[in-house]
Amino acid sequence: MIKFVVIDRQNRKEEKYLSNEIRVAILGATGAVGVELINLLVERNFPVKELKLLSSPRSAGKKMPFKDTLIEVEAVNEHSFDDVDIVLASAGGSISKAWAKTIVDAGAVMIDNSSAFRMDDSIPLVIPEINPEAAENHSGIIANPNCTTILMGVAIYPLHQIQPIERIIVSTYQSASGAGARAMEEVKTQAQAILNGETPQPEILPYPLAFNLFPHNSPVMDNGYCEEELKMVNETRKIFSEPQLRVSATCVRVPVLRAHSEAINLEFANPFDLNQARELIAQAEGVTLLEDWEKNYFPMPIDATGKDDVLVGRIRQDLSNPNSIELWLCGDQIRKGAALNAVQIAELLIEKNL
Ligand SMILES: NC(=O)c1ccc[n+]([C@@H]2O[C@H](COP(=O)([O-])OP(=O)(O)OC[C@H]3O[C@@H](n4cnc5c(N)ncnc54)[C@H](OP(=O)(O)O)[C@@H]3O)[C@@H](O)[C@H]2O)c1
């Protein structure tokens with residue numbers, strides 16, 4: 001049940017308190033994250049009363065399956081949110097910015113997958129396993145963190161709670177689907193073309209990704225870091241409520257279709273017992289410890305694809321620093337890195353009556 005920020009819609013509020021069934025809209029329903037949002041609403045038996053699927057005019061009229069029905073996709077317009085309680089937005093930052101006021105004015109809560117509002121001090125940035133309490137202060141918009149930040153956050157926060165992390169050095173290996181459904185398709189056709197002896201020209205991603213890799217394609221700032229890397233720095237600080245936390249990231253796009261990987265070095269004030277680290281990670285919500293040292297088997301993107309949990313392994317002592325440990329993770333960035341985290345936030349709103 002949702003408590004609305006717009007109080008002049010008292011009738012609607014009463015109606016929902018009685019029914020506990022939610023009218024949901026997905027803005028960007030035809031995209032990589034949008035499709036996963038639809039899947040998750042079904043899988044998690046989310047109490048959907050009505051589902052509206054919204055896109056650009058390009059996909060309007062397309063029919064998408066939801067449970068045992070087909071729902072026609074609509075081009076988003078100024079009346080799209082009139083009878084909606086929760087908007088799961090995944091159409092990109094400029095689209096979120098363009099529609100946020102309309103959504104909030106309509107009395108709906110927007111859970112936004114884009115980077116548009118993440119660093120806005122007045123907007124909560126939430127990973128339910130870490131800072132669910134932040135959602136309590138929302139004023140109609142809750143931001144979903146960047147995919148790489150979510151995957152790293154759920155894996156390392158259990159350690160941070162026992163002994164505060166002083167410094168994080170992270171390198172990412174990010175799949176094509178992180179750049180959207182069309183980027184994933186481009187890598188498939190590119191790979192096929194290259195195998196046929198052709199030299200395809202990339203259209204969605206800036207450079208060929210099949211049989212290649214490149215530093216993350218987000219804009220590079222004056223300090224030499226790209227936007228994606230700075231998201232990991234700033235969002236982690238906000239979610240952990242550690243504004244001074246030292247974080248340095250190198251983000252790389254790799255020719256994997258789905259699921260991101262990250263190599264993470266964590267520095268503490270004192271040595272961190274490896275057995276305790278393993279135990280904490282094995283018990284943590286949203287994380288699975290996966291390591292078989294005898295077989296040299298550790299998480300791979302194919303293991304993480306379609307899974308809810310972030311898979312963590314190769315937890316080991318940093319040989320160069322007694323106070324640091326190394327770990328490796330793989331996580332489905334479309335699920336926990338985006339759609340699942342957003343649906344979990346929506347569940348939190350219902351559970352806590354926010
Ligand atoms: N992919 C990931 O792993 C991931 C992870 C975390 C966060 N995110 C974020 O989630 C958002 C969506 O990412 P995605 O990967 O799902 O992108 P995508 O596959 O490219 O999908 C984009 C969606 O937005 C819709 N859209 C585009 N322009 C629109 C407009 N003017 N008005 C309304 N809808 C419009 C598209 O509809 P049409 O079919 O009509 O084009 C499509 O449904 C982005 O902000 C992204 O940064 C993505």
# chains A, B, ... in the order shown; residues from 1 in each chain; ligands from 1

$ select_by_dssp --residues "range 117-318 of chain A" --states "alpha helix (DSSP H)" --output "JSON, numbers by chain"
{"A": [147, 148, 149, 150, 151, 152, 153, 154, 155, 156, 157, 158, 159, 160, 161, 162, 181, 182, 183, 184, 185, 186, 187, 188, 189, 190, 191, 192, 193, 194, 195, 227, 228, 229, 230, 231, 232, 233, 234, 235, 236, 237, 238, 239, 240, 274, 275, 276, 277, 278, 279, 280, 281, 282, 283, 301, 302, 303, 304]}

$ residues_around --residues "Ala193 in chain A" --least-positions-apart "6" --cutoff "12 Å" --atoms "only C-alpha atoms" --output "count of residues only"
9

$ closest_atom_pairs --of "chain A" --to "ligand 1" --cutoff "7 Å" --atoms "only C-alpha atoms and all ligand atoms" --output "Markdown table"
| residue | atom | partner | partner_atom_place_in_ligand_line | distance |
| --- | --- | --- | --- | --- |
| A:Leu27 | CA | ligand 1 | 34 (N) | 6.1 |
| A:Gly28 | CA | ligand 1 | 43 (O) | 3.2 |
| A:Ala29 | CA | ligand 1 | 43 (O) | 4.5 |
| A:Thr30 | CA | ligand 1 | 43 (O) | 3.6 |
| A:Gly31 | CA | ligand 1 | 21 (O) | 3.1 |
| A:Ala32 | CA | ligand 1 | 16 (O) | 3.7 |
| A:Val33 | CA | ligand 1 | 16 (O) | 3.8 |
| A:Gly34 | CA | ligand 1 | 16 (O) | 5.6 |
| A:Leu54 | CA | ligand 1 | 34 (N) | 6.4 |
| A:Ser55 | CA | ligand 1 | 34 (N) | 3.7 |
| A:Ser56 | CA | ligand 1 | 40 (O) | 3.6 |
| A:Pro57 | CA | ligand 1 | 40 (O) | 5.6 |
| A:Arg58 | CA | ligand 1 | 40 (O) | 4.3 |
| A:Ser59 | CA | ligand 1 | 40 (O) | 4.1 |
| A:Ala60 | CA | ligand 1 | 40 (O) | 6.7 |
| A:Ala75 | CA | ligand 1 | 33 (C) | 6.6 |
| A:Val76 | CA | ligand 1 | 33 (C) | 5.7 |
| A:Ser90 | CA | ligand 1 | 11 (C) | 3.9 |
| A:Ala91 | CA | ligand 1 | 24 (O) | 3.2 |
| A:Gly92 | CA | ligand 1 | 45 (O) | 3.2 |
| A:Gly93 | CA | ligand 1 | 45 (O) | 5.2 |
| A:Ile95 | CA | ligand 1 | 30 (C) | 5.9 |
| A:Asn113 | CA | ligand 1 | 10 (O) | 4.8 |
| A:Ser114 | CA | ligand 1 | 45 (O) | 3.5 |
| A:Ser115 | CA | ligand 1 | 45 (O) | 6.4 |
| A:Asn146 | CA | ligand 1 | 6 (C) | 5.4 |
| A:Cys147 | CA | ligand 1 | 6 (C) | 4.5 |
| A:Ser177 | CA | ligand 1 | 1 (N) | 5.2 |
| A:Gly178 | CA | ligand 1 | 3 (O) | 3.4 |
| A:Ala179 | CA | ligand 1 | 1 (N) | 5.3 |
| A:Gly180 | CA | ligand 1 | 15 (O) | 3.1 |
| A:Ala181 | CA | ligand 1 | 19 (O) | 3.8 |
| A:Arg182 | CA | ligand 1 | 19 (O) | 6.1 |
| A:Gln333 | CA | ligand 1 | 3 (O) | 4.9 |
| A:Ile334 | CA | ligand 1 | 3 (O) | 4.3 |
| A:Gly337 | CA | ligand 1 | 6 (C) | 5.5 |
| A:Ala338 | CA | ligand 1 | 6 (C) | 4.3 |

$ write_last_selection --atoms "C-alpha atoms" --output "PDB file, in the first residue's frame"
ATOM      1  CA  LEU A  27       8.316   3.707 -18.787  1.00  0.00           C
ATOM      2  CA  GLY A  28      10.746   2.121 -21.250  1.00  0.00           C
ATOM      3  CA  ALA A  29       8.924  -1.212 -21.235  1.00  0.00           C
ATOM      4  CA  THR A  30      10.429  -2.423 -24.522  1.00  0.00           C
ATOM      5  CA  GLY A  31      14.053  -1.987 -23.421  1.00  0.00           C
ATOM      6  CA  ALA A  32      16.467  -4.441 -21.816  1.00  0.00           C
ATOM      7  CA  VAL A  33      15.507  -3.332 -18.296  1.00  0.00           C
ATOM      8  CA  GLY A  34      11.815  -2.886 -19.170  1.00  0.00           C
ATOM      9  CA  LEU A  54       5.051   2.902 -22.120  1.00  0.00           C
ATOM     10  CA  SER A  55       7.691   3.624 -24.731  1.00  0.00           C
ATOM     11  CA  SER A  56       8.518   6.127 -27.453  1.00  0.00           C
ATOM     12  CA  PRO A  57       6.237   6.309 -30.510  1.00  0.00           C
ATOM     13  CA  ARG A  58       8.639   3.838 -32.191  1.00  0.00           C
ATOM     14  CA  SER A  59       7.265   0.881 -30.232  1.00  0.00           C
ATOM     15  CA  ALA A  60       3.687   2.088 -29.716  1.00  0.00           C
ATOM     16  CA  ALA A  75       3.620   6.071 -26.500  1.00  0.00           C
ATOM     17  CA  VAL A  76       4.095   8.022 -23.269  1.00  0.00           C
ATOM     18  CA  SER A  90      13.858   2.794 -17.460  1.00  0.00           C
ATOM     19  CA  ALA A  91      13.919   4.926 -20.580  1.00  0.00           C
ATOM     20  CA  GLY A  92      17.086   6.937 -19.898  1.00  0.00           C
ATOM     21  CA  GLY A  93      17.991  10.055 -17.952  1.00  0.00           C
ATOM     22  CA  ILE A  95      13.213  10.882 -20.463  1.00  0.00           C
ATOM     23  CA  ASN A 113      16.631   3.429 -13.141  1.00  0.00           C
ATOM     24  CA  SER A 114      18.436   6.287 -14.850  1.00  0.00           C
ATOM     25  CA  SER A 115      21.193   8.475 -13.405  1.00  0.00           C
ATOM     26  CA  ASN A 146      24.022   2.369 -11.243  1.00  0.00           C
ATOM     27  CA  CYS A 147      24.326  -1.349 -12.019  1.00  0.00           C
ATOM     28  CA  SER A 177      23.553  -5.376 -22.534  1.00  0.00           C
ATOM     29  CA  GLY A 178      24.561  -2.732 -20.017  1.00  0.00           C
ATOM     30  CA  ALA A 179      24.280  -0.339 -22.953  1.00  0.00           C
ATOM     31  CA  GLY A 180      20.758  -1.537 -23.768  1.00  0.00           C
ATOM     32  CA  ALA A 181      18.966  -4.136 -25.840  1.00  0.00           C
ATOM     33  CA  ARG A 182      20.219  -2.769 -29.156  1.00  0.00           C
ATOM     34  CA  GLN A 333      23.162  -6.186 -14.126  1.00  0.00           C
ATOM     35  CA  ILE A 334      19.750  -6.196 -15.799  1.00  0.00           C
ATOM     36  CA  GLY A 337      21.778  -4.170 -11.202  1.00  0.00           C
ATOM     37  CA  ALA A 338      18.537  -2.595 -12.407  1.00  0.00           C
TER      38      ALA A 338
END

$ residues_around --residues "Ile142 in chain A" --least-positions-apart "6" --cutoff "6 Å" --atoms "only C-alpha atoms" --output "list in words"
Ile111, Ile123 and Pro124 of chain A

$ write_last_selection --atoms "C-alpha atoms" --output "mmCIF file, in the first residue's frame"
data_model
loop_
_atom_site.group_PDB
_atom_site.id
_atom_site.type_symbol
_atom_site.label_atom_id
_atom_site.label_comp_id
_atom_site.auth_asym_id
_atom_site.auth_seq_id
_atom_site.Cartn_x
_atom_site.Cartn_y
_atom_site.Cartn_z
ATOM 1 C CA ILE A 111 11.392 4.478 -9.110
ATOM 2 C CA ILE A 123 16.184 12.017 -3.532
ATOM 3 C CA PRO A 124 16.900 8.668 -1.855
#

$ closest_atom_pairs --of "range 241-321 of chain A" --to "range 37-49 of chain A" --cutoff "12 Å" --atoms "only C-alpha atoms" --output "tab-separated table"
residue	atom	partner	partner_atom	distance
A:Gly306	CA	A:Leu40	CA	10.8
A:Lys307	CA	A:Leu40	CA	11.4
A:Asp308	CA	A:Leu40	CA	10.1

$ write_last_selection --atoms "N, CA and C atoms" --output "compact mmCIF listing (two decimals), in the first residue's frame"
# COMPACT_ATOMS: atom_id res chain seq x y z
N GLY A 306 20.58 -14.30 -15.37
CA GLY A 306 19.23 -14.71 -14.98
C GLY A 306 19.07 -14.95 -13.49
N LYS A 307 20.16 -14.78 -12.75
CA LYS A 307 20.10 -15.03 -11.28
C LYS A 307 19.84 -13.73 -10.53
N ASP A 308 19.19 -13.86 -9.40
CA ASP A 308 18.95 -12.68 -8.55
C ASP A 308 20.19 -12.30 -7.76

$ closest_residue --among "A:Asp332, A:Glu235, A:Glu294, A:Asp273" --to "Arg118 in chain A" --atoms "only C-alpha atoms"
A:Glu235

$ closest_atom_pairs --of "range 126-214 of chain A" --to "range 265-269 of chain A" --cutoff "10 Å" --atoms "only C-alpha atoms" --output "tab-separated table"
residue	atom	partner	partner_atom	distance
A:Ile156	CA	A:Leu266	CA	8.5
A:Leu159	CA	A:Leu266	CA	9.5
A:His160	CA	A:Phe268	CA	8.8
A:Gln163	CA	A:Phe268	CA	7.0
A:Pro164	CA	A:Phe268	CA	6.5
A:Ile165	CA	A:Phe268	CA	5.0
A:Glu166	CA	A:Phe268	CA	5.1
A:Arg167	CA	A:Glu267	CA	5.0
A:Ile168	CA	A:Leu266	CA	4.9
A:Ile169	CA	A:Asn265	CA	5.0
A:Val170	CA	A:Asn265	CA	6.2
A:Ser171	CA	A:Asn265	CA	8.9

$ residues_around --residues "Ile141 in chain A" --least-positions-apart "2" --cutoff "10 Å" --atoms "only C-alpha atoms" --output "JSON, numbers by chain"
{"A": [86, 87, 100, 101, 103, 104, 108, 109, 110, 111, 112, 117, 118, 122, 123, 124, 125, 135, 137, 138, 139, 143, 144]}

$ residues_around --residues "Phe214 in chain A" --least-positions-apart "3" --cutoff "9 Å" --atoms "only C-alpha atoms" --output "JSON, numbers by chain"
{"A": [207, 208, 209, 217, 251, 252, 253, 254]}

$ write_last_selection --atoms "N, CA and C atoms" --output "compact mmCIF listing (two decimals), in the first residue's frame"
# COMPACT_ATOMS: atom_id res chain seq x y z
N TYR A 207 32.68 1.60 -30.63
CA TYR A 207 33.74 0.81 -31.27
C TYR A 207 33.28 -0.64 -31.36
N PRO A 208 33.94 -1.42 -32.23
CA PRO A 208 33.56 -2.83 -32.29
C PRO A 208 33.80 -3.49 -30.93
N LEU A 209 32.82 -4.27 -30.47
CA LEU A 209 32.98 -4.94 -29.17
C LEU A 209 33.20 -6.44 -29.34
N ASN A 217 32.29 3.41 -22.37
CA ASN A 217 31.97 4.41 -23.39
C ASN A 217 31.27 5.66 -22.86
N CYS A 251 36.39 1.23 -15.43
CA CYS A 251 35.27 0.50 -16.02
C CYS A 251 35.56 0.15 -17.47
N VAL A 252 35.31 -1.09 -17.82
CA VAL A 252 35.66 -1.59 -19.15
C VAL A 252 34.46 -2.35 -19.74
N ARG A 253 34.19 -2.10 -21.00
CA ARG A 253 33.14 -2.84 -21.70
C ARG A 253 33.76 -4.09 -22.34
N VAL A 254 33.19 -5.25 -22.09
CA VAL A 254 33.75 -6.50 -22.61
C VAL A 254 32.70 -7.23 -23.47

$ closest_atom_pairs --of "range 113-212 of chain A" --to "range 326-330 of chain A" --cutoff "8 Å" --atoms "only C-alpha atoms" --output "Markdown table"
| residue | atom | partner | partner_atom | distance |
| --- | --- | --- | --- | --- |
| A:Leu151 | CA | A:Cys330 | CA | 7.9 |
| A:Met152 | CA | A:Leu329 | CA | 7.8 |
| A:Ala155 | CA | A:Leu329 | CA | 7.9 |

$ closest_residue --among "A:His79, A:Ile130, A:Lys52, A:Glu229" --to "Ala106 in chain A" --atoms "only C-alpha atoms"
A:His79

$ select_by_dssp --residues "range 265-311 of chain A" --states "strand (DSSP E or B)" --output "ChimeraX atom specification"
/A:265-267,287-289,292,297,310-311

$ closest_residue --among "A:Asp83, A:Glu185, A:Asp309, A:Glu227" --to "Ala284 in chain A" --atoms "only C-alpha atoms"
A:Asp309

$ atom_distance --atom1 "CA of Leu88 in chain A" --atom2 "CA of Glu228 in chain A"
21.8 Å

$ atom_distance --atom1 "CA of Lys336 in chain A" --atom2 "CA of Ile150 in chain A"
7.3 Å
